[in-house]
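Structure data follow from input38.txt (compact mmCIF, C-alpha atoms):
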# COMPACT_ATOMS: atom_id res chain seq x y z
CA MET C 71 67.51 94.70 52.42
CA SER C 72 67.59 93.67 48.79
CA ASP C 73 65.81 91.07 46.66
CA HIS C 74 67.40 89.36 43.71
CA LYS C 75 66.22 87.18 40.85
CA ILE C 76 68.46 84.16 40.40
CA VAL C 77 68.65 81.24 37.98
CA VAL C 78 70.37 78.14 39.34
CA GLY C 79 70.99 74.79 37.68
CA LEU C 80 70.02 72.48 40.53
CA ASN C 81 70.48 68.72 40.15
CA GLY C 82 69.98 69.05 36.40
CA GLN C 83 66.89 71.27 36.63
CA THR C 84 66.78 75.00 36.05
CA ILE C 85 65.34 76.86 39.03
CA HIS C 86 64.16 80.46 38.86
CA ALA C 87 63.80 82.13 42.22
CA GLN C 88 63.65 85.45 43.99
CA VAL C 89 65.84 85.60 47.09
CA GLU C 90 66.76 88.07 49.78
CA GLY C 91 70.43 89.08 49.71
CA ARG C 92 71.14 87.57 53.11
CA LEU C 93 69.71 84.10 52.32
CA THR C 94 72.42 81.46 52.53
CA LEU C 95 72.72 78.84 49.80
CA SER C 96 72.03 76.11 52.39
CA ASP C 97 68.74 77.72 53.44
CA PHE C 98 67.81 78.28 49.79
CA LEU C 99 68.40 74.61 48.98
CA ARG C 100 66.45 73.33 51.97
CA VAL C 101 63.64 75.86 52.38
CA ASP C 102 63.07 77.39 48.94
CA ALA C 103 64.03 74.45 46.71
CA GLY C 104 62.97 71.67 49.09
CA TYR C 105 66.16 69.64 48.90
CA THR C 106 66.44 68.83 52.59
CA GLY C 107 69.17 66.24 52.02
CA THR C 108 71.63 69.10 52.51
CA HIS C 109 72.02 69.09 56.28
CA VAL C 110 72.75 72.21 58.31
CA GLY C 111 74.81 71.64 61.43
CA CYS C 112 76.85 74.55 62.74
CA GLU C 113 75.85 77.16 60.13
CA HIS C 114 79.25 78.82 60.35
CA GLY C 115 81.53 76.68 58.28
CA VAL C 116 82.99 74.31 60.84
CA CYS C 117 81.14 71.00 60.55
CA GLY C 118 80.96 70.38 56.78
CA ALA C 119 77.48 68.79 56.88
CA CYS C 120 76.07 71.31 54.37
CA THR C 121 78.73 70.64 51.70
CA VAL C 122 77.35 70.68 48.16
CA VAL C 123 79.02 70.78 44.74
CA VAL C 124 78.99 74.14 42.94
CA ASN C 125 80.39 74.14 39.41
CA GLY C 126 82.23 70.90 40.15
CA LYS C 127 83.75 71.98 43.47
CA ALA C 128 82.83 70.94 46.99
CA VAL C 129 81.90 74.02 49.02
CA ARG C 130 80.12 74.73 52.27
CA SER C 131 76.64 75.94 51.34
CA CYS C 132 76.27 77.85 54.63
CA LEU C 133 79.27 79.99 53.65
CA MET C 134 77.81 81.10 50.34
CA LEU C 135 74.83 83.31 49.65
CA ALA C 136 72.04 81.99 47.43
CA VAL C 137 72.42 85.09 45.25
CA GLN C 138 76.05 84.09 44.64
CA ALA C 139 74.84 80.81 43.13
CA ASP C 140 73.14 82.74 40.33
CA GLY C 141 74.29 81.22 37.03
CA THR C 142 75.99 78.21 38.62
CA HIS C 143 75.31 74.48 38.59
CA VAL C 144 74.65 73.06 42.03
CA THR C 145 74.50 69.37 42.90
CA THR C 146 73.14 68.18 46.23
CA ILE C 147 72.97 64.66 47.62
CA GLU C 148 69.60 64.22 45.85
CA GLY C 149 71.33 64.73 42.50
CA LEU C 150 73.85 61.89 42.81
CA ALA C 151 71.95 58.64 42.30
CA ALA C 152 70.69 57.75 38.81
CA SER C 153 66.99 58.31 38.08
CA ASP C 154 66.35 54.55 38.37
CA GLY C 155 67.73 54.64 41.91
CA THR C 156 71.16 53.21 41.13
CA LEU C 157 73.49 54.61 43.75
CA HIS C 158 76.53 56.76 42.92
CA PRO C 159 79.82 54.86 43.48
CA VAL C 160 80.56 57.00 46.56
CA GLN C 161 77.14 56.23 48.04
CA ARG C 162 77.67 52.52 47.35
CA ALA C 163 81.11 52.57 48.96
CA MET C 164 79.80 54.35 52.06
CA ARG C 165 76.94 51.84 52.40
CA ASP C 166 79.15 48.78 51.84
CA ALA C 167 81.81 49.99 54.28
CA HIS C 168 79.33 51.05 57.00
CA GLY C 169 80.64 54.59 56.59
CA LEU C 170 77.67 56.08 58.45
CA GLN C 171 75.54 55.62 61.52
CA CYS C 172 73.12 58.48 62.22
CA GLY C 173 73.75 59.89 58.73
CA PHE C 174 73.63 63.57 59.63
CA CYS C 175 77.11 64.36 58.32
CA THR C 176 76.92 61.85 55.47
CA PRO C 177 75.51 64.05 52.65
CA GLY C 178 78.39 66.50 53.08
CA ILE C 179 81.01 63.77 53.16
CA VAL C 180 79.54 62.07 50.10
CA MET C 181 79.48 65.36 48.16
CA THR C 182 83.15 66.07 48.95
CA LEU C 183 84.18 62.56 47.85
CA ALA C 184 81.94 62.72 44.77
CA ALA C 185 83.46 66.05 43.68
CA LEU C 186 87.02 64.82 44.13
CA THR C 187 86.47 61.50 42.32
CA ALA C 188 84.34 62.92 39.47
CA GLY C 189 85.28 62.23 35.86
CA ASP C 190 88.80 60.96 35.29
CA ALA C 191 90.16 62.23 38.60
CA LYS C 192 92.01 59.52 40.48
CA PRO C 193 92.90 61.09 43.82
CA GLY C 194 94.91 59.02 46.27
CA THR C 195 93.73 57.88 49.68
CA GLU C 196 95.80 60.58 51.41
CA THR C 197 94.25 63.35 49.29
CA LEU C 198 90.74 62.20 50.15
CA LYS C 199 91.66 61.75 53.80
CA ALA C 200 92.98 65.32 53.91
CA ALA C 201 89.75 66.60 52.35
CA LEU C 202 87.73 64.69 54.96
CA SER C 203 89.38 66.82 57.65
CA GLY C 204 86.75 69.37 56.59
CA HIS C 205 83.96 67.16 57.97
CA ILE C 206 82.99 66.29 61.50
CA CYS C 207 81.37 62.88 62.18
CA ARG C 208 80.41 62.11 65.77
CA CYS C 209 79.30 58.48 65.26
CA THR C 210 81.67 56.40 63.21
CA GLY C 211 85.10 57.28 64.53
CA TYR C 212 85.91 57.71 60.82
CA GLN C 213 87.12 54.12 60.36
CA GLY C 214 84.13 53.10 58.24
CA ILE C 215 84.45 56.28 56.18
CA MET C 216 88.14 55.53 55.58
CA ARG C 217 87.22 51.98 54.49
CA ALA C 218 84.87 53.53 51.95
CA VAL C 219 87.65 55.88 50.82
CA ARG C 220 90.08 52.98 50.40
CA SER C 221 87.56 51.02 48.36
CA LEU C 222 87.14 54.07 46.09
CA THR C 223 90.88 54.53 45.58
CA GLY C 224 91.64 50.82 45.14
CA ASP C 225 93.61 50.71 48.41
CA ALA C 226 91.21 48.38 50.23
CA ILE C 227 92.96 46.13 52.72
CA ALA C 228 92.30 42.43 52.00
CA GLY C 229 89.13 41.26 53.72
CA GLU C 230 88.09 44.61 55.22
CA LEU C 231 84.87 44.79 53.20
CA ALA C 232 84.05 41.09 53.52
CA MET A 11 67.84 83.68 58.07
CA LYS A 12 70.84 84.15 60.28
CA PRO A 13 72.56 87.30 58.99
CA ALA A 14 71.03 90.69 59.76
CA PRO A 15 69.47 92.38 56.70
CA PHE A 16 71.77 94.13 54.23
CA ASP A 17 71.74 95.35 50.66
CA TYR A 18 73.71 93.05 48.39
CA VAL A 19 75.50 94.47 45.37
CA ALA A 20 77.80 92.67 42.94
CA PRO A 21 79.71 95.20 40.85
CA THR A 22 81.54 93.97 37.74
CA SER A 23 84.30 96.59 37.66
CA VAL A 24 86.83 97.96 40.15
CA GLU A 25 85.59 101.52 39.47
CA GLU A 26 82.03 100.54 40.29
CA ALA A 27 83.14 98.75 43.47
CA CYS A 28 85.19 101.74 44.64
CA ALA A 29 82.30 104.10 43.95
CA LEU A 30 80.00 101.91 46.06
CA LEU A 31 82.52 101.80 48.91
CA ALA A 32 83.00 105.58 48.80
CA GLU A 33 79.27 106.20 48.76
CA ALA A 34 78.68 103.85 51.71
CA GLY A 35 80.96 105.97 53.92
CA GLY A 36 82.19 103.04 56.00
CA GLY A 37 78.87 101.17 56.09
CA ALA A 38 79.92 98.64 53.46
CA THR A 39 81.74 95.35 53.87
CA ILE A 40 83.56 93.62 51.02
CA LEU A 41 82.63 90.00 50.33
CA ALA A 42 85.45 88.01 48.70
CA GLY A 43 85.53 84.26 49.38
CA GLY A 44 83.32 84.69 52.43
CA GLN A 45 84.87 81.84 54.40
CA THR A 46 85.50 84.14 57.37
CA LEU A 47 82.93 86.85 56.69
CA MET A 48 79.95 84.50 56.31
CA PRO A 49 80.38 83.07 59.84
CA LEU A 50 80.70 86.64 61.18
CA LEU A 51 77.47 87.57 59.39
CA ALA A 52 75.75 84.40 60.66
CA LEU A 53 76.79 85.23 64.23
CA ARG A 54 75.81 88.89 63.64
CA MET A 55 79.25 90.01 64.74
CA SER A 56 79.31 91.82 61.40
CA GLN A 57 76.21 93.81 60.39
CA PRO A 58 77.00 95.83 57.28
CA PHE A 59 74.39 98.04 55.60
CA ILE A 60 75.78 97.07 52.22
CA LEU A 61 77.63 93.93 51.20
CA VAL A 62 79.82 94.53 48.15
CA ASP A 63 80.47 91.17 46.49
CA VAL A 64 83.65 91.49 44.40
CA ASN A 65 83.55 87.94 42.99
CA ARG A 66 82.22 89.07 39.62
CA ILE A 67 85.04 91.56 38.92
CA ALA A 68 87.21 89.93 36.23
CA ALA A 69 90.07 92.43 36.78
CA LEU A 70 90.61 91.02 40.29
CA GLN A 71 91.40 87.52 39.00
CA GLY A 72 94.42 85.72 37.68
CA VAL A 73 98.20 85.64 37.80
CA THR A 74 100.35 87.96 35.68
CA ARG A 75 104.10 88.41 35.47
CA GLY A 76 105.40 91.92 35.80
CA ASP A 77 108.71 93.64 36.26
CA GLY A 78 110.55 91.37 38.67
CA ALA A 79 107.34 90.43 40.41
CA THR A 80 104.27 88.24 40.15
CA ARG A 81 100.89 89.91 40.43
CA ILE A 82 98.13 87.81 41.95
CA GLY A 83 94.54 88.93 41.65
CA PRO A 84 93.01 89.19 45.14
CA ILE A 85 90.00 86.99 44.38
CA MET A 86 92.15 84.06 43.27
CA ARG A 87 90.81 81.05 45.20
CA GLN A 88 93.23 79.35 47.57
CA ASN A 89 92.85 75.98 45.80
CA ASP A 90 93.58 77.69 42.46
CA ILE A 91 96.83 79.01 43.95
CA ILE A 92 97.76 75.46 44.97
CA ALA A 93 96.96 74.14 41.47
CA ASP A 94 98.73 76.93 39.55
CA PRO A 95 101.95 75.66 37.90
CA THR A 96 103.44 79.16 37.54
CA LEU A 97 103.01 79.88 41.25
CA SER A 98 104.42 76.45 42.21
CA ARG A 99 107.57 77.34 40.25
CA LEU A 100 107.92 81.01 41.24
CA LEU A 101 106.42 81.11 44.74
CA PRO A 102 106.69 77.65 46.30
CA GLY A 103 106.50 79.22 49.77
CA LEU A 104 103.09 80.71 49.01
CA VAL A 105 101.83 77.38 47.65
CA THR A 106 103.11 75.45 50.69
CA ALA A 107 101.51 77.90 53.10
CA THR A 108 98.20 77.90 51.20
CA HIS A 109 97.93 74.11 51.64
CA HIS A 110 97.53 74.82 55.37
CA VAL A 111 94.73 77.40 55.01
CA GLY A 112 91.41 76.01 56.27
CA HIS A 113 90.08 72.87 54.60
CA HIS A 114 89.75 71.69 51.00
CA GLN A 115 86.12 72.85 50.95
CA THR A 116 86.87 76.35 52.28
CA ARG A 117 89.89 76.72 49.97
CA ASN A 118 87.52 76.20 47.03
CA ARG A 119 85.92 79.56 47.93
CA GLY A 120 88.45 81.37 50.13
CA THR A 121 90.64 83.95 48.40
CA ILE A 122 94.15 85.26 48.98
CA GLY A 123 93.00 88.89 49.08
CA GLY A 124 90.26 88.14 51.58
CA SER A 125 92.67 86.40 53.91
CA LEU A 126 95.24 89.20 53.66
CA ALA A 127 92.64 91.92 54.24
CA PHE A 128 91.05 90.19 57.22
CA GLY A 129 94.36 90.11 59.10
CA GLU A 130 93.84 87.14 61.40
CA PRO A 131 97.10 87.05 63.39
CA ALA A 132 97.29 83.24 63.38
CA ALA A 133 96.57 82.88 59.64
CA GLU A 134 99.17 81.59 57.20
CA LEU A 135 98.80 84.00 54.28
CA PRO A 136 99.43 87.36 56.02
CA ALA A 137 102.71 86.01 57.46
CA THR A 138 103.59 84.57 54.05
CA ALA A 139 103.06 87.97 52.42
CA VAL A 140 105.27 89.56 55.09
CA ALA A 141 108.03 86.94 54.78
CA LEU A 142 108.12 87.02 50.97
CA GLY A 143 108.07 90.83 50.83
CA ALA A 144 104.69 91.19 49.10
CA ILE A 145 103.24 94.59 48.22
CA ILE A 146 99.50 95.05 48.68
CA GLU A 147 97.83 97.34 46.15
CA LEU A 148 94.79 99.29 47.37
CA ARG A 149 92.39 101.31 45.30
CA SER A 150 89.69 103.81 46.16
CA THR A 151 88.05 106.73 44.36
CA ARG A 152 90.92 108.76 45.88
CA GLY A 153 93.54 106.81 43.94
CA ILE A 154 95.89 103.84 44.10
CA ARG A 155 98.46 103.18 46.80
CA ARG A 156 100.82 100.32 47.49
CA ILE A 157 101.79 99.18 50.98
CA ALA A 158 104.41 96.61 51.92
CA ALA A 159 102.75 93.69 53.72
CA ASP A 160 105.19 94.32 56.54
CA ALA A 161 103.60 97.76 57.15
CA PHE A 162 100.03 96.63 56.40
CA TYR A 163 99.26 94.89 59.70
CA LEU A 164 98.58 97.15 62.68
CA GLY A 165 96.97 94.78 65.18
CA PRO A 166 94.62 91.80 65.39
CA TYR A 167 92.22 92.14 62.41
CA ALA A 168 93.43 95.72 61.98
CA THR A 169 95.17 96.76 58.78
CA ALA A 170 96.23 99.97 57.06
CA MET A 171 93.25 99.61 54.71
CA GLU A 172 90.70 102.45 54.82
CA PRO A 173 86.97 101.58 54.74
CA ASP A 174 86.66 102.89 51.16
CA GLU A 175 89.61 100.88 49.84
CA LEU A 176 89.66 97.61 47.92
CA VAL A 177 92.64 95.26 47.51
CA THR A 178 93.21 95.20 43.75
CA ALA A 179 96.45 93.19 43.53
CA ILE A 180 99.14 91.47 45.54
CA HIS A 181 102.63 91.79 44.08
CA PHE A 182 105.16 89.15 45.15
CA PRO A 183 108.75 90.05 44.24
CA ASP A 184 110.86 87.41 42.50
CA TRP A 185 113.18 85.39 44.67
CA PRO A 186 116.20 83.53 43.25
CA PRO A 187 115.22 80.08 41.89
CA ASP A 188 117.29 78.28 44.53
CA THR A 189 115.70 80.12 47.49
CA LEU A 190 115.11 77.77 50.41
CA ILE A 191 111.66 77.85 51.99
CA ALA A 192 111.14 77.20 55.68
CA PHE A 193 107.62 76.36 56.79
CA ARG A 194 106.25 74.86 59.98
CA GLU A 195 102.88 75.07 61.63
CA VAL A 196 101.74 73.54 64.90
CA SER A 197 97.98 73.17 65.28
CA ARG A 198 95.72 70.73 67.12
CA ARG A 199 93.96 69.45 63.99
CA PRO A 200 94.44 69.94 60.24
CA GLY A 201 92.68 73.13 59.17
CA ASP A 202 92.80 74.79 62.58
CA PHE A 203 94.49 78.14 62.98
CA ALA A 204 98.10 77.82 64.02
CA LEU A 205 99.03 77.77 67.67
CA VAL A 206 102.51 78.60 66.45
CA GLY A 207 103.63 79.03 62.85
CA LEU A 208 106.70 80.08 60.95
CA ILE A 209 107.47 80.81 57.30
CA GLY A 210 110.72 82.02 55.85
CA ALA A 211 112.82 82.38 52.74
CA VAL A 212 116.60 81.93 52.87
CA VAL A 213 119.10 82.46 50.08
CA VAL A 214 122.44 80.70 50.48
CA ASP A 215 125.36 81.75 48.30
CA GLN A 216 128.59 79.74 48.41
CA GLY A 217 127.85 78.33 51.83
CA ARG A 218 126.88 81.64 53.40
CA ILE A 219 123.45 83.11 54.09
CA ALA A 220 122.98 85.99 51.68
CA ARG A 221 119.32 86.81 52.43
CA ALA A 222 116.90 85.71 55.11
CA SER A 223 113.33 86.76 55.71
CA MET A 224 111.33 85.00 58.41
CA ALA A 225 107.85 85.71 59.76
CA TRP A 226 105.85 84.23 62.61
CA PHE A 227 102.10 83.68 62.73
CA GLY A 228 100.10 83.03 65.88
CA MET A 229 102.92 84.61 67.88
CA GLY A 230 101.56 88.09 68.46
CA PRO A 231 98.89 90.61 67.44
CA THR A 232 100.05 90.63 63.81
CA PRO A 233 102.40 88.59 61.62
CA ILE A 234 105.83 89.22 63.17
CA LYS A 235 109.06 89.51 61.27
CA ALA A 236 112.01 87.95 63.08
CA ARG A 237 114.26 90.94 62.42
CA GLN A 238 116.96 90.24 65.01
CA ALA A 239 117.32 86.65 63.84
CA GLU A 240 117.48 87.74 60.19
CA ALA A 241 120.20 90.27 60.94
CA ALA A 242 122.21 87.69 62.88
CA MET A 243 122.00 85.14 60.07
CA ILE A 244 123.08 87.31 57.16
CA GLY A 245 126.67 86.66 56.17
CA GLN A 246 127.00 83.61 58.39
CA ALA A 247 128.27 80.28 57.07
CA THR A 248 125.53 77.67 57.16
CA ALA A 249 127.97 75.03 58.39
CA GLY A 250 128.06 75.22 62.17
CA LEU A 251 125.35 77.88 62.32
CA ASP A 252 124.12 78.41 65.89
CA VAL A 253 120.47 77.71 65.13
CA ARG A 254 119.50 77.68 68.81
CA GLY A 255 121.05 81.08 69.39
CA ILE A 256 119.26 82.43 66.32
CA ALA A 257 116.00 80.90 67.53
CA GLU A 258 116.41 82.84 70.81
CA LEU A 259 116.71 86.07 68.82
CA ALA A 260 113.68 85.11 66.73
CA ILE A 261 111.62 84.52 69.87
CA ALA A 262 112.72 87.89 71.28
CA ASP A 263 110.71 89.66 68.55
CA THR A 264 107.46 87.84 69.37
CA ASP A 265 104.69 88.75 71.79
CA PRO A 266 102.37 85.75 71.95
CA PHE A 267 99.10 85.71 73.86
CA SER A 268 97.43 83.15 76.09
CA ASP A 269 94.02 81.86 75.11
CA HIS A 270 91.99 78.69 75.64
CA HIS A 271 94.06 76.92 72.94
CA ALA A 272 97.51 77.54 74.39
CA THR A 273 99.34 79.67 76.92
CA ARG A 274 101.93 82.31 76.13
CA ASP A 275 104.63 80.09 77.66
CA TYR A 276 103.59 77.14 75.52
CA ARG A 277 103.82 79.26 72.38
CA LEU A 278 107.26 80.60 73.37
CA THR A 279 108.58 77.11 74.12
CA VAL A 280 107.19 75.56 70.94
CA GLY A 281 108.24 78.58 68.88
CA ARG A 282 111.83 78.30 70.09
CA ARG A 283 111.92 74.60 69.20
CA ILE A 284 110.32 74.84 65.78
CA PHE A 285 112.42 77.83 64.73
CA ALA A 286 115.67 76.00 65.49
CA GLY A 287 114.46 72.72 64.00
CA THR A 288 112.92 74.23 60.88
CA LEU A 289 115.94 76.42 60.18
CA ALA A 290 118.30 73.46 60.56
CA GLN A 291 116.11 71.33 58.30
CA THR A 292 115.84 74.08 55.69
CA LEU A 293 119.60 74.53 55.61
CA ASP A 294 120.06 70.75 55.73
CA LEU A 295 122.03 70.90 58.98
CA ARG A 296 121.06 67.52 60.29
CA ALA A 297 123.10 67.47 63.45
CA ALA A 298 122.71 71.08 64.54
CA ALA A 299 119.27 71.20 66.14

Final structure tokens representation of the file:
Amino acid sequence: MSDHKIVVGLNGQTIHAQVEGRLTLSDFLRVDAGYTGTHVGCEHGVCGACTVVVNGKAVRSCLMLAVQADGTHVTTIEGLAASDGTLHPVQRAMRDAHGLQCGFCTPGIVMTLAALTAGDAKPGTETLKAALSGHICRCTGYQGIMRAVRSLTGDAIAGELA
Amino acid sequence: MKPAPFDYVAPTSVEEACALLAEAGGGATILAGGQTLMPLLALRMSQPFILVDVNRIAALQGVTRGDGATRIGPIMRQNDIIADPTLSRLLPGLVTATHHVGHHQTRNRGTIGGSLAFGEPAAELPATAVALGAIIELRSTRGIRRIAADAFYLGPYATAMEPDELVTAIHFPDWPPDTLIAFREVSRRPGDFALVGLIGAVVVDQGRIARASMAWFGMGPTPIKARQAEAAMIGQATAGLDVRGIAELAIADTDPFSDHHATRDYRLTVGRRIFAGTLAQTLDLRAAA
């Protein structure tokens, strides 16, 4: 058993922590750092609920150790909206398109879409759809999520968000 | 915490990593991308005493051109392989196959070396390494050795790697620029392991097949080279090629298993069909299959 000092940039704040080697990043985020918006479903990389953004890339936080996040920048769902509460474009699109019901899988899906549409990236609908294959949603049947995706890529079908 | 306790070490050099592996005497496990190992740790199917994280070793990264071959660092992430313009030009078969590995999110962490060393029989990258003639470079405190991917796989999840060895490079030999790539995978959902998969490289010279190298995945305990089919194809004219006959020979080299995803018979039937169809499509023989 080993303990490690880590420094993680988490949602714009610098966090110093001491973690056991076997602590997963998802447990670190939820239990140690208190960001419980990162949901933990299967805990072995299948469901995608725990997806967060590490150094700009969407990754499963249950498949990474907290100690491996040392020196990285991590963004969770709590880090997306502006400080005045203005929603991130992906959050807005998911709300407007009814892209969620129970909301358990939603933080992971939003983080994947946020990572892929960050900055000047203009991914197509098919690229985002392929990336969504890494998430399991048991409520929506994915149609609302795909409406949100189409509104993000400019492929919205006339009237579908009316 | 789900994994059993272990000591975590993150060496920054190959020498340091090899020393740790030697010292552990088989009690260490190497952590590369972790996209397979982390679930095994979470389920406690893997309980190492020491976890050697090789992600901070700069010498295990990157793509370099060598003498008639391309060297890929084993900790290159799968999505970085897909995005690499040099690899898209030199090894389009590797890039195509890598698109089918896991999901976007796991490819952001998963590495080529980790996938090759794990040796999942239904995975894309081991079969790709076999089909493209890759050489796997292993290092330990005892020295360096190179093994052809074809000889690397001994059984399901069993490779020629010793417990004190680390994959330090994967060398892919150059193929002619006009090499045709055959790729087909049948799986229930995107990102699933293949029920049946096939990758191959074919060189056609003046209407005749000059070289052919084809490997199956998900069709036996290891990646399986379709040796009889390759031998039958070499020297043949592509026009009028008996793709169904060659598919029969390709199937004869396989030994698929039955599991809760598909039966042996299903895999044989689908394998026969996709081999013939994919070969015909690769050679642009529209009517043949």

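Counting from atom CA of Pro49 of chain A, the distance to atom CA of Lys127 of chain C is 20.1 Å.
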
Any idea which chain C residues end up within 8 Å of chain A if we count all atoms listed in the file, as a PDB file with C-alpha atoms, in the frame of the given file please?
ATOM      1  CA  MET C  71      67.510  94.700  52.420  1.00  0.00           C
ATOM      2  CA  SER C  72      67.590  93.670  48.790  1.00  0.00           C
ATOM      3  CA  GLY C  91      70.430  89.080  49.710  1.00  0.00           C
ATOM      4  CA  ARG C  92      71.140  87.570  53.110  1.00  0.00           C
ATOM      5  CA  LEU C  93      69.710  84.100  52.320  1.00  0.00           C
ATOM      6  CA  THR C  94      72.420  81.460  52.530  1.00  0.00           C
ATOM      7  CA  ASP C  97      68.740  77.720  53.440  1.00  0.00           C
ATOM      8  CA  GLU C 113      75.850  77.160  60.130  1.00  0.00           C
ATOM      9  CA  HIS C 114      79.250  78.820  60.350  1.00  0.00           C
ATOM     10  CA  GLY C 115      81.530  76.680  58.280  1.00  0.00           C
ATOM     11  CA  THR C 121      78.730  70.640  51.700  1.00  0.00           C
ATOM     12  CA  LYS C 127      83.750  71.980  43.470  1.00  0.00           C
ATOM     13  CA  ALA C 128      82.830  70.940  46.990  1.00  0.00           C
ATOM     14  CA  VAL C 129      81.900  74.020  49.020  1.00  0.00           C
ATOM     15  CA  ARG C 130      80.120  74.730  52.270  1.00  0.00           C
ATOM     16  CA  CYS C 132      76.270  77.850  54.630  1.00  0.00           C
ATOM     17  CA  LEU C 133      79.270  79.990  53.650  1.00  0.00           C
ATOM     18  CA  MET C 134      77.810  81.100  50.340  1.00  0.00           C
ATOM     19  CA  THR C 182      83.150  66.070  48.950  1.00  0.00           C
ATOM     20  CA  ALA C 200      92.980  65.320  53.910  1.00  0.00           C
ATOM     21  CA  ALA C 201      89.750  66.600  52.350  1.00  0.00           C
ATOM     22  CA  SER C 203      89.380  66.820  57.650  1.00  0.00           C
ATOM     23  CA  GLY C 204      86.750  69.370  56.590  1.00  0.00           C
TER      24      GLY C 204
END

Would you give the centre and edge lengths, in Å to one decimal, of a box along x, y and z around the listed atoms of segment 234-243 of chain A, with 3 Å added to each side, as JSON?
{"center_x": 114.0, "center_y": 88.0, "center_z": 62.5, "size_x": 22.4, "size_y": 11.8, "size_z": 10.9}

Write out as a ChimeraX atom specification the residues lying within 6 Å of segment 162-177 of chain C, counting all atoms listed in the file and excluding same-chain residues fewer than 5 positions away.
/C:119,147,157,207,214-215,217-218

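Each of C:Cys209, C:Ser131, C:Cys117, C:Asn81 was compared to Thr146 of chain C using all atoms listed in the file, and C:Asn81 turns out to be the nearest.
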
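When atom CA of Pro131 of chain A is paired with atom CA of Pro231 of chain A, their separation reads 5.7 Å.
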
I'd like the contact shell of Val62 of chain A - 8 Å cut-off, all atoms listed in the file, skipping same-chain residues fewer than 3 positions apart - returned as JSON, numbers by chain.
{"A": [18, 19, 20, 21, 27, 30, 31, 38, 39, 40, 41]}

Quick one: pull the distance between atom CA of Thr106 of chain A and atom CA of Gln71 of chain A, Å, one decimal.
20.5 Å

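For the choices A:His271, A:Lys235, A:Arg283, A:Arg277, the atom-to-atom distance to Pro136 of chain A is smallest for A:Lys235 when using all atoms listed in the file.
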
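Excluding Thr142 of chain C itself and same-chain residues fewer than 2 positions from it, the residues having an atom within 8 Å of it are Val77, Val78, Gly79, Val124, Asn125, Ala139, Asp140 and Val144 of chain C, counting all atoms listed in the file.
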
Of A:Thr232, A:Ala211, A:Thr108, A:Val140, the one sitting nearest Tyr163 of chain A when using all atoms listed in the file is A:Thr232
